[in-house]
file my_file_26.cif (mmCIF, C-alpha atoms)
data_target
#
loop_
_atom_site.label_atom_id
_atom_site.label_comp_id
_atom_site.auth_asym_id
_atom_site.auth_seq_id
_atom_site.Cartn_x
_atom_site.Cartn_y
_atom_site.Cartn_z
CA MET L 1 78.45 105.51 108.87
CA LYS L 2 81.76 105.16 110.70
CA ILE L 3 84.49 105.85 108.13
CA ALA L 4 88.20 105.12 107.79
CA LEU L 5 89.82 107.81 105.63
CA ILE L 6 92.62 106.49 103.38
CA GLY L 7 94.81 108.63 101.12
CA ARG L 8 96.16 112.11 100.49
CA SER L 9 95.55 115.58 99.02
CA GLU L 10 93.32 118.53 99.76
CA ILE L 11 90.49 116.77 97.94
CA LEU L 12 90.38 113.95 100.50
CA TYR L 13 90.79 116.46 103.34
CA ASP L 14 87.78 118.43 102.12
CA ALA L 15 85.86 115.19 101.63
CA ALA L 16 86.47 114.33 105.29
CA LEU L 17 84.95 117.64 106.39
CA ALA L 18 81.97 117.18 104.06
CA LEU L 19 81.36 113.64 105.31
CA GLU L 20 81.41 114.81 108.93
CA ASN L 21 79.00 117.62 108.09
CA ALA L 22 76.71 115.08 106.42
CA GLY L 23 76.45 113.13 109.67
CA HIS L 24 79.12 110.48 109.16
CA GLN L 25 81.98 109.87 111.60
CA ILE L 26 85.67 109.68 110.68
CA VAL L 27 87.16 107.16 113.12
CA SER L 28 90.55 106.55 111.50
CA ILE L 29 92.90 108.30 109.06
CA ILE L 30 95.71 106.61 107.10
CA THR L 31 97.81 108.91 104.91
CA ALA L 32 101.21 109.05 103.21
CA LYS L 33 103.75 111.57 101.95
CA GLU L 34 102.09 114.30 99.92
CA ALA L 35 102.94 115.01 96.27
CA PRO L 36 104.60 118.38 95.48
CA GLU L 37 101.41 119.83 94.00
CA TYR L 38 99.26 119.08 97.06
CA THR L 39 98.30 121.84 99.49
CA ARG L 40 97.44 119.47 102.35
CA THR L 41 100.27 117.66 104.11
CA ILE L 42 100.74 114.82 106.57
CA THR L 43 100.61 117.38 109.36
CA ASP L 44 97.23 118.65 108.19
CA PHE L 45 95.79 115.13 108.29
CA GLU L 46 97.32 114.49 111.71
CA MET L 47 95.74 117.65 113.09
CA LEU L 48 92.42 116.64 111.52
CA ALA L 49 92.63 113.25 113.22
CA VAL L 50 93.26 114.92 116.57
CA SER L 51 90.29 117.27 116.11
CA LEU L 52 88.02 114.32 115.23
CA ASN L 53 89.42 112.01 117.94
CA ALA L 54 90.30 109.53 115.17
CA SER L 55 93.22 107.11 115.11
CA PHE L 56 96.06 108.13 112.78
CA ALA L 57 98.92 106.49 110.89
CA VAL L 58 101.34 107.38 108.09
CA GLY L 59 102.91 105.06 105.54
CA PRO L 60 102.78 103.81 101.96
CA ARG L 61 101.85 100.21 102.93
CA ILE L 62 98.41 100.13 104.49
CA ALA L 63 98.69 96.46 105.49
CA GLU L 64 101.11 97.57 108.22
CA HIS L 65 98.22 99.44 109.87
CA ARG L 66 95.71 96.59 109.76
CA GLU L 67 95.41 96.33 113.54
CA LEU L 68 94.83 100.06 113.91
CA LEU L 69 92.04 99.87 111.35
CA ARG L 70 90.57 96.77 112.99
CA ALA L 71 90.46 98.56 116.35
CA ALA L 72 88.72 101.59 114.80
CA ALA L 73 85.86 99.30 113.66
CA ALA L 74 84.79 101.48 110.72
CA ASP L 75 81.79 100.47 108.63
CA ILE L 76 83.43 101.54 105.38
CA GLY L 77 86.67 102.96 103.99
CA VAL L 78 86.81 106.13 101.88
CA SER L 79 89.93 106.42 99.73
CA TYR L 80 91.50 108.92 97.37
CA ASN L 81 95.01 108.90 95.92
CA TYR L 82 96.66 106.54 98.36
CA THR L 83 100.21 105.61 97.35
CA GLY L 84 99.84 101.83 97.00
CA LEU L 85 97.43 99.04 96.22
CA VAL L 86 95.15 98.02 99.08
CA PRO L 87 95.23 94.25 99.70
CA SER L 88 92.13 92.09 100.12
CA SER L 89 93.01 91.54 103.79
CA VAL L 90 92.46 95.26 104.43
CA VAL L 91 89.32 95.58 102.28
CA ALA L 92 87.84 92.68 104.26
CA LEU L 93 88.08 94.69 107.50
CA PHE L 94 85.12 96.84 106.44
CA PRO L 95 81.56 95.47 106.29
CA HIS L 96 80.78 97.77 103.34
CA GLY L 97 84.23 97.57 101.75
CA ILE L 98 86.26 100.60 100.62
CA LEU L 99 85.02 103.33 98.31
CA ASN L 100 87.61 104.97 96.08
CA ALA L 101 87.19 108.18 94.08
CA HIS L 102 88.91 108.03 90.71
CA GLY L 103 89.22 110.86 88.17
CA GLY L 104 88.79 108.68 85.12
CA ASP L 105 85.88 107.23 83.17
CA LEU L 106 86.14 103.63 84.34
CA PRO L 107 86.76 101.03 83.06
CA ARG L 108 88.79 103.26 80.71
CA TYR L 109 91.35 105.69 82.09
CA ARG L 110 92.66 103.58 84.94
CA GLY L 111 95.88 104.59 86.67
CA ASN L 112 97.68 107.92 86.88
CA ALA L 113 97.22 111.45 85.51
CA CYS L 114 93.97 110.40 83.85
CA GLN L 115 92.66 113.97 83.52
CA ALA L 116 95.83 115.06 81.71
CA TRP L 117 95.74 112.01 79.43
CA ALA L 118 92.08 112.62 78.59
CA ILE L 119 92.92 116.19 77.50
CA LEU L 120 95.93 115.01 75.49
CA ASN L 121 93.80 112.35 73.80
CA GLY L 122 91.12 114.85 72.79
CA GLU L 123 88.32 113.28 74.81
CA ASP L 124 84.91 114.97 75.04
CA ARG L 125 84.75 114.60 78.82
CA ILE L 126 86.56 113.45 81.95
CA GLY L 127 84.86 110.89 84.15
CA LEU L 128 84.69 110.84 87.93
CA CYS L 129 83.81 107.48 89.48
CA VAL L 130 83.31 106.35 93.07
CA HIS L 131 83.76 102.59 93.03
CA LYS L 132 84.21 99.74 95.47
CA MET L 133 87.82 98.67 95.64
CA VAL L 134 88.91 95.13 94.80
CA GLY L 135 91.87 94.07 96.92
CA GLY L 136 95.19 94.11 95.09
CA GLU L 137 93.70 95.55 91.89
CA LEU L 138 93.93 98.99 90.31
CA ASP L 139 90.74 101.03 89.83
CA SER L 140 88.51 97.97 89.47
CA GLY L 141 85.27 97.11 91.25
CA ASP L 142 81.61 98.04 91.01
CA ILE L 143 80.83 101.69 90.30
CA ILE L 144 78.51 103.22 92.92
CA ALA L 145 78.34 106.86 91.70
CA ARG L 146 79.58 108.77 88.66
CA ASP L 147 79.80 112.30 87.24
CA TYR L 148 81.39 113.98 84.20
CA PHE L 149 83.33 117.14 83.36
CA ASP L 150 82.80 118.23 79.75
CA LEU L 151 85.94 119.16 77.79
CA LEU L 152 86.43 121.89 75.19
CA ASN L 153 89.62 122.72 73.29
CA SER L 154 90.13 125.48 75.86
CA SER L 155 89.67 123.24 78.92
CA THR L 156 92.67 122.90 81.24
CA VAL L 157 93.62 120.33 83.82
CA THR L 158 93.44 123.23 86.31
CA GLU L 159 89.72 123.53 85.63
CA ALA L 160 89.28 119.76 85.87
CA TRP L 161 91.03 119.73 89.26
CA ALA L 162 88.84 122.58 90.53
CA TRP L 163 85.74 120.69 89.41
CA MET L 164 86.90 117.46 91.05
CA THR L 165 87.75 119.30 94.27
CA LYS L 166 84.14 120.43 94.50
CA ARG L 167 82.48 117.28 93.21
CA ILE L 168 84.38 114.42 94.88
CA PRO L 169 83.09 115.11 98.43
CA LEU L 170 79.52 115.32 97.11
CA VAL L 171 79.83 112.17 95.00
CA PHE L 172 81.22 110.33 98.05
CA ILE L 173 78.15 111.43 100.03
CA GLU L 174 75.88 110.31 97.17
CA ALA L 175 77.55 106.87 97.15
CA LEU L 176 77.29 106.50 100.93
CA ASP L 177 73.61 107.48 100.85
CA GLN L 178 72.97 104.79 98.25
CA LEU L 179 74.78 102.12 100.28
CA GLU L 180 73.07 103.10 103.53
CA ALA L 181 69.69 102.72 101.83
CA ASN L 182 70.69 99.51 100.03
CA PRO L 183 74.04 97.83 100.95
CA GLY L 184 73.93 95.88 97.69
CA TYR L 185 73.47 98.93 95.47
CA VAL L 186 75.54 99.06 92.24
CA LEU L 187 75.25 101.78 89.59
CA GLU L 188 77.31 99.78 87.10
CA ALA L 189 79.25 96.55 87.32
CA GLN L 190 82.64 97.43 85.90
CA SER L 191 83.68 95.43 82.86
CA LYS L 192 86.43 92.85 83.41
CA ASN L 193 87.25 92.72 79.70
CA PRO L 194 90.85 94.00 79.31
CA GLU L 195 89.95 95.45 75.92
CA HIS L 196 87.65 97.93 77.68
CA ALA L 197 90.42 99.29 79.92
CA LEU L 198 92.96 102.00 79.15
CA ARG L 199 95.91 102.00 81.55
CA CYS L 200 97.40 105.46 82.13
CA TYR L 201 100.93 105.76 83.47
CA PRO L 202 102.46 108.68 85.40
CA ARG L 203 103.60 111.86 83.70
CA ARG L 204 106.73 113.77 84.72
CA PRO L 205 107.59 117.49 84.41
CA GLU L 206 109.86 116.85 81.42
CA ASP L 207 106.89 115.39 79.54
CA GLY L 208 105.68 118.98 79.18
CA ARG L 209 108.40 119.81 76.61
CA ILE L 210 106.72 121.44 73.61
CA ASP L 211 107.47 120.18 70.11
CA TRP L 212 106.49 123.07 67.83
CA ASP L 213 106.46 120.70 64.85
CA ARG L 214 103.21 119.30 66.23
CA THR L 215 99.87 120.74 65.14
CA ALA L 216 98.58 123.80 66.96
CA LEU L 217 95.82 121.68 68.52
CA GLU L 218 98.31 119.09 69.81
CA VAL L 219 100.50 121.81 71.34
CA LEU L 220 97.46 123.44 72.92
CA ARG L 221 96.38 120.14 74.45
CA LEU L 222 99.85 119.70 75.95
CA ILE L 223 99.72 123.22 77.42
CA ASN L 224 96.27 122.57 78.87
CA ALA L 225 97.16 119.09 80.19
CA SER L 226 100.38 120.30 81.84
CA ASN L 227 98.82 123.30 83.53
CA LYS L 228 98.57 123.90 87.27
CA PRO L 229 98.83 122.15 89.65
CA TYR L 230 101.48 120.57 87.41
CA ALA L 231 104.77 122.11 86.30
CA GLY L 232 103.53 123.53 82.99
CA ALA L 233 104.32 122.99 79.31
CA TYR L 234 107.60 124.64 78.37
CA CYS L 235 109.96 125.50 75.54
CA GLY L 236 113.24 127.31 75.05
CA TYR L 237 113.63 131.01 74.38
CA GLU L 238 117.14 132.46 73.91
CA GLY L 239 118.71 129.97 76.27
CA GLN L 240 116.03 130.23 78.92
CA ARG L 241 113.18 127.94 79.87
CA MET L 242 109.81 129.50 79.11
CA ILE L 243 106.65 127.99 80.60
CA ILE L 244 103.44 128.66 78.69
CA TRP L 245 100.38 128.87 80.94
CA ASP L 246 97.70 130.28 78.64
CA ALA L 247 97.17 129.76 74.93
CA ALA L 248 94.41 129.39 72.34
CA LEU L 249 94.00 128.29 68.76
CA LEU L 250 94.18 131.01 66.10
CA GLU L 251 92.46 130.61 62.76
CA ASP L 252 93.33 133.82 60.89
CA GLY L 253 93.10 132.35 57.38
CA GLU L 254 96.68 133.28 56.53
CA VAL L 255 98.57 131.00 54.15
CA PHE L 256 102.12 131.10 55.47
CA CYS L 257 105.61 129.64 55.40
CA ALA L 258 107.38 129.57 58.77
CA VAL L 259 109.73 127.42 60.76
CA SER L 260 107.89 125.79 63.65
CA GLY L 261 108.14 127.99 66.74
CA GLN L 262 108.39 131.21 64.70
CA VAL L 263 106.79 134.27 66.28
CA THR L 264 104.47 135.63 63.59
CA HIS L 265 102.82 138.49 65.45
CA VAL L 266 103.50 140.58 68.56
CA ALA L 267 100.77 142.58 70.26
CA GLN L 268 100.01 144.11 73.63
CA GLY L 269 99.26 141.16 75.89
CA HIS L 270 100.01 138.29 73.50
CA ILE L 271 102.10 136.86 70.70
CA VAL L 272 101.25 134.44 67.88
CA VAL L 273 103.44 131.38 67.21
CA ALA L 274 103.51 129.09 64.17
CA CYS L 275 103.27 125.35 64.74
CA GLY L 276 103.84 122.45 62.36
CA SER L 277 100.27 123.10 61.28
CA GLY L 278 98.32 126.17 62.38
CA LYS L 279 99.05 128.89 64.92
CA LEU L 280 98.62 129.57 68.61
CA ILE L 281 97.95 132.78 70.48
CA ILE L 282 100.19 132.77 73.57
CA ARG L 283 98.78 134.96 76.36
CA LYS L 284 100.64 134.10 79.55
CA VAL L 285 104.19 132.84 80.03
CA GLN L 286 106.80 132.57 82.73
CA ILE L 287 110.57 132.70 82.47
CA GLU L 288 112.27 130.81 85.28
CA GLY L 289 112.76 133.07 88.27
CA ASP L 290 110.18 135.61 87.07
CA VAL L 291 106.45 136.01 87.63
CA GLU L 292 103.79 135.05 85.10
CA GLY L 293 102.87 137.68 82.55
CA ALA L 294 102.26 138.60 78.94
CA PRO L 295 104.91 137.26 76.52
CA ASN L 296 105.46 140.63 74.86
CA ARG L 297 107.44 141.59 77.97
CA TYR L 298 110.20 139.40 76.55
CA ILE L 299 109.40 139.12 72.84
CA THR L 300 109.09 142.28 70.78
CA SER L 301 109.97 141.13 67.27
CA ILE L 302 108.73 138.59 64.73
CA ARG L 303 112.39 137.68 64.19
CA LYS L 304 112.25 135.68 67.42
CA ARG L 305 111.58 131.95 67.74
CA LEU L 306 110.57 129.56 70.47
CA THR L 307 112.46 126.28 70.46
#

call {"tool": "encode", "arguments": {"input": "my_file_26.cif", "output": "structure tokens"}}
result
Amino acid sequence: MKIALIGRSEILYDAALALENAGHQIVSIITAKEAPEYTRTITDFEMLAVSLNASFAVGPRIAEHRELLRAAAADIGVSYNYTGLVPSSVVALFPHGILNAHGGDLPRYRGNACQAWAILNGEDRIGLCVHKMVGGELDSGDIIARDYFDLLNSSTVTEAWAWMTKRIPLVFIEALDQLEANPGYVLEAQSKNPEHALRCYPRRPEDGRIDWDRTALEVLRLINASNKPYAGAYCGYEGQRMIIWDAALLEDGEVFCAVSGQVTHVAQGHIVVACGSGKLIIRKVQIEGDVEGAPNRYITSIRKRLT
């Protein structure tokens, strides 16, 4: 198929290469300003367009590039993480519509930071859906292909991103194969009942502030959900900001009294911290301006506390 690529990030960039290798043709690329955590920039997409002899445009409002897309005459659009809603007038340009990859288990987990919210909410898995876009609507439309990433208490958003990076190009190819064989193919018609949807809103770096009065499991979920490529969950330590990158639940059977955030054990390579309920092993931290490392580089006494 002839494809118009719409969106941002290294995931979409890799998807473009995979689609070309699978025999499809990228004829147009529309992108926008990259987010801080992305490793592929506007320049990367422009160079890709040049190498593929595809038309190219940049901007957060795709309707402004309608004539460019019309001239490219793509059969279908392939979208991931574009900055704005795509209007019906743009969707209508493509005989097969626009496919969007979404890292949420639709119709639940619509919107932003769905992988992080799924971890915070203690879900068993994170969904990945390729669906047909509905003009002017968010993450709605028939689902064409789907996959899942199973979650454990130890699972991080870093792992979920790595999985999605590998899977999204392949799930796009699976969806395109289905539509080439049968243009009317639908894996699942997405529910229009608002009670079945869960709208997720953006998270900001300050949302990673740790409240040690929470249970150990809740703190661990925050650490895992705020992990790379995001800014990390953080707390205070003697007037400095400490980011916690690696932690795990500890069930040592000890009955204890401690103020939340109290360091209860120091060992080579890790410390143990009391929460409102339960304890966490902390294995990797970072003080601003320093490299990541074991927390016992900074903390050597159980008289210390994280705040």

call {"tool": "resolve_selection", "arguments": {"input": "my_file_26.cif", "expression": "the PyMOL selection byres ((chain L and resi 138) around 10)", "output": "ChimeraX atom specification"}}
result
/L:84-86,110-111,133-137,139-141,199

call {"tool": "resolve_selection", "arguments": {"input": "my_file_26.cif", "expression": "the PyMOL selection byres ((chain L and resi 159-169) around 8)", "output": "PyMOL selection string"}}
result
chain L and resi 10-12+14-16+18-19+101+103+115+126+128+149+155-158+170-173

call {"tool": "write_last_selection", "arguments": {"input": "my_file_26.cif", "atoms": "C-alpha atoms", "output": "mmCIF file, in the frame of the given file"}}
result
data_model
loop_
_atom_site.group_PDB
_atom_site.id
_atom_site.type_symbol
_atom_site.label_atom_id
_atom_site.label_comp_id
_atom_site.auth_asym_id
_atom_site.auth_seq_id
_atom_site.Cartn_x
_atom_site.Cartn_y
_atom_site.Cartn_z
ATOM 1 C CA GLU L 10 93.320 118.530 99.760
ATOM 2 C CA ILE L 11 90.490 116.770 97.940
ATOM 3 C CA LEU L 12 90.380 113.950 100.500
ATOM 4 C CA ASP L 14 87.780 118.430 102.120
ATOM 5 C CA ALA L 15 85.860 115.190 101.630
ATOM 6 C CA ALA L 16 86.470 114.330 105.290
ATOM 7 C CA ALA L 18 81.970 117.180 104.060
ATOM 8 C CA LEU L 19 81.360 113.640 105.310
ATOM 9 C CA ALA L 101 87.190 108.180 94.080
ATOM 10 C CA GLY L 103 89.220 110.860 88.170
ATOM 11 C CA GLN L 115 92.660 113.970 83.520
ATOM 12 C CA ILE L 126 86.560 113.450 81.950
ATOM 13 C CA LEU L 128 84.690 110.840 87.930
ATOM 14 C CA PHE L 149 83.330 117.140 83.360
ATOM 15 C CA SER L 155 89.670 123.240 78.920
ATOM 16 C CA THR L 156 92.670 122.900 81.240
ATOM 17 C CA VAL L 157 93.620 120.330 83.820
ATOM 18 C CA THR L 158 93.440 123.230 86.310
ATOM 19 C CA LEU L 170 79.520 115.320 97.110
ATOM 20 C CA VAL L 171 79.830 112.170 95.000
ATOM 21 C CA PHE L 172 81.220 110.330 98.050
ATOM 22 C CA ILE L 173 78.150 111.430 100.030
#

call {"tool": "closest_residue", "arguments": {"input": "my_file_26.cif", "among": "L:Ala22, L:Ile30, L:Cys235, L:Ile302", "to": "Met1 in chain L", "atoms": "only C-alpha atoms"}}
result
L:Ala22

call {"tool": "residues_around", "arguments": {"input": "my_file_26.cif", "residues": "Thr41 in chain L", "least_positions_apart": "5", "cutoff": "10 Å", "atoms": "only C-alpha atoms", "output": "short mmCIF file (atom, residue, chain, number, x, y, z; two decimals) with C-alpha atoms, keeping the file's coordinate frame"}}
result
data_model
loop_
_atom_site.label_atom_id
_atom_site.label_comp_id
_atom_site.auth_asym_id
_atom_site.auth_seq_id
_atom_site.Cartn_x
_atom_site.Cartn_y
_atom_site.Cartn_z
CA ARG L 8 96.16 112.11 100.49
CA SER L 9 95.55 115.58 99.02
CA GLU L 10 93.32 118.53 99.76
CA TYR L 13 90.79 116.46 103.34
CA THR L 31 97.81 108.91 104.91
CA ALA L 32 101.21 109.05 103.21
CA LYS L 33 103.75 111.57 101.95
CA GLU L 34 102.09 114.30 99.92
CA ALA L 35 102.94 115.01 96.27
CA PRO L 36 104.60 118.38 95.48
CA GLU L 46 97.32 114.49 111.71
#

call {"tool": "resolve_selection", "arguments": {"input": "my_file_26.cif", "expression": "the PyMOL selection byres ((chain L and resi 72) around 10)", "output": "ChimeraX atom specification"}}
result
/L:2-4,26-29,54-55,66-71,73-75

call {"tool": "closest_residue", "arguments": {"input": "my_file_26.cif", "among": "L:Gln268, L:Ser277, L:Gln286, L:Asn182", "to": "Val255 in chain L", "atoms": "all atoms listed in the file"}}
result
L:Ser277

call {"tool": "closest_residue", "arguments": {"input": "my_file_26.cif", "among": "L:Gly253, L:Pro229, L:Gly208, L:Pro183", "to": "Arg241 in chain L", "atoms": "only C-alpha atoms"}}
result
L:Gly208

call {"tool": "closest_residue", "arguments": {"input": "my_file_26.cif", "among": "L:Pro295, L:Gly59, L:Gly7, L:Gly23", "to": "Asp177 in chain L", "atoms": "all atoms listed in the file"}}
result
L:Gly23

call {"tool": "residues_around", "arguments": {"input": "my_file_26.cif", "residues": "Glu288 in chain L", "least_positions_apart": "5", "cutoff": "12 Å", "atoms": "all atoms listed in the file", "output": "PyMOL selection string"}}
result
chain L and resi 231-232+234-237+239-244+293

call {"tool": "write_last_selection", "arguments": {"input": "my_file_26.cif", "atoms": "C-alpha atoms", "output": "mmCIF file, in the coordinates of the input"}}
result
data_model
loop_
_atom_site.group_PDB
_atom_site.id
_atom_site.type_symbol
_atom_site.label_atom_id
_atom_site.label_comp_id
_atom_site.auth_asym_id
_atom_site.auth_seq_id
_atom_site.Cartn_x
_atom_site.Cartn_y
_atom_site.Cartn_z
ATOM 1 C CA ALA L 231 104.770 122.110 86.300
ATOM 2 C CA GLY L 232 103.530 123.530 82.990
ATOM 3 C CA TYR L 234 107.600 124.640 78.370
ATOM 4 C CA CYS L 235 109.960 125.500 75.540
ATOM 5 C CA GLY L 236 113.240 127.310 75.050
ATOM 6 C CA TYR L 237 113.630 131.010 74.380
ATOM 7 C CA GLY L 239 118.710 129.970 76.270
ATOM 8 C CA GLN L 240 116.030 130.230 78.920
ATOM 9 C CA ARG L 241 113.180 127.940 79.870
ATOM 10 C CA MET L 242 109.810 129.500 79.110
ATOM 11 C CA ILE L 243 106.650 127.990 80.600
ATOM 12 C CA ILE L 244 103.440 128.660 78.690
ATOM 13 C CA GLY L 293 102.870 137.680 82.550
#

call {"tool": "closest_residue", "arguments": {"input": "my_file_26.cif", "among": "L:Gly261, L:Pro60, L:Gly127, L:Pro194", "to": "Ala145 in chain L", "atoms": "all atoms listed in the file"}}
result
L:Gly127

call {"tool": "closest_residue", "arguments": {"input": "my_file_26.cif", "among": "L:Ala189, L:Ile281, L:Cys200, L:Ala92", "to": "Ala267 in chain L", "atoms": "all atoms listed in the file"}}
result
L:Ile281

call {"tool": "atom_distance", "arguments": {"input": "my_file_26.cif", "atom1": "CA of Ile76 in chain L", "atom2": "CA of Thr39 in chain L"}}
result
25.8 Å

call {"tool": "atom_distance", "arguments": {"input": "my_file_26.cif", "atom1": "CA of Glu238 in chain L", "atom2": "CA of Ala216 in chain L"}}
result
21.6 Å

call {"tool": "atom_distance", "arguments": {"input": "my_file_26.cif", "atom1": "CA of Leu99 in chain L", "atom2": "CA of Glu180 in chain L"}}
result
13.0 Å

call {"tool": "residues_around", "arguments": {"input": "my_file_26.cif", "residues": "Cys257 in chain L", "least_positions_apart": "3", "cutoff": "12 Å", "atoms": "only C-alpha atoms", "output": "list in words"}}
result
Glu254, Ser260, Gly261, Gln262, Val263, Thr264, Ala274, Cys275, Gly276, Ser277, Gly278 and Lys279 of chain L

call {"tool": "axis_aligned_box", "arguments": {"input": "my_file_26.cif", "around": "range 288-307 of chain L", "padding_each_side": "5 Å", "output": "AutoDock Vina command-line options"}}
result
--center_x 107.5 --center_y 134.3 --center_z 76.2 --size_x 20.5 --size_y 26.0 --size_z 34.1

call {"tool": "residues_around", "arguments": {"input": "my_file_26.cif", "residues": "Pro202 in chain L", "least_positions_apart": "4", "cutoff": "12 Å", "atoms": "all atoms listed in the file", "output": "list in words"}}
result
Tyr109, Arg110, Gly111, Asn112, Ala113, Cys114, Gln115, Ala116, Trp117, Glu206 and Asp207 of chain L
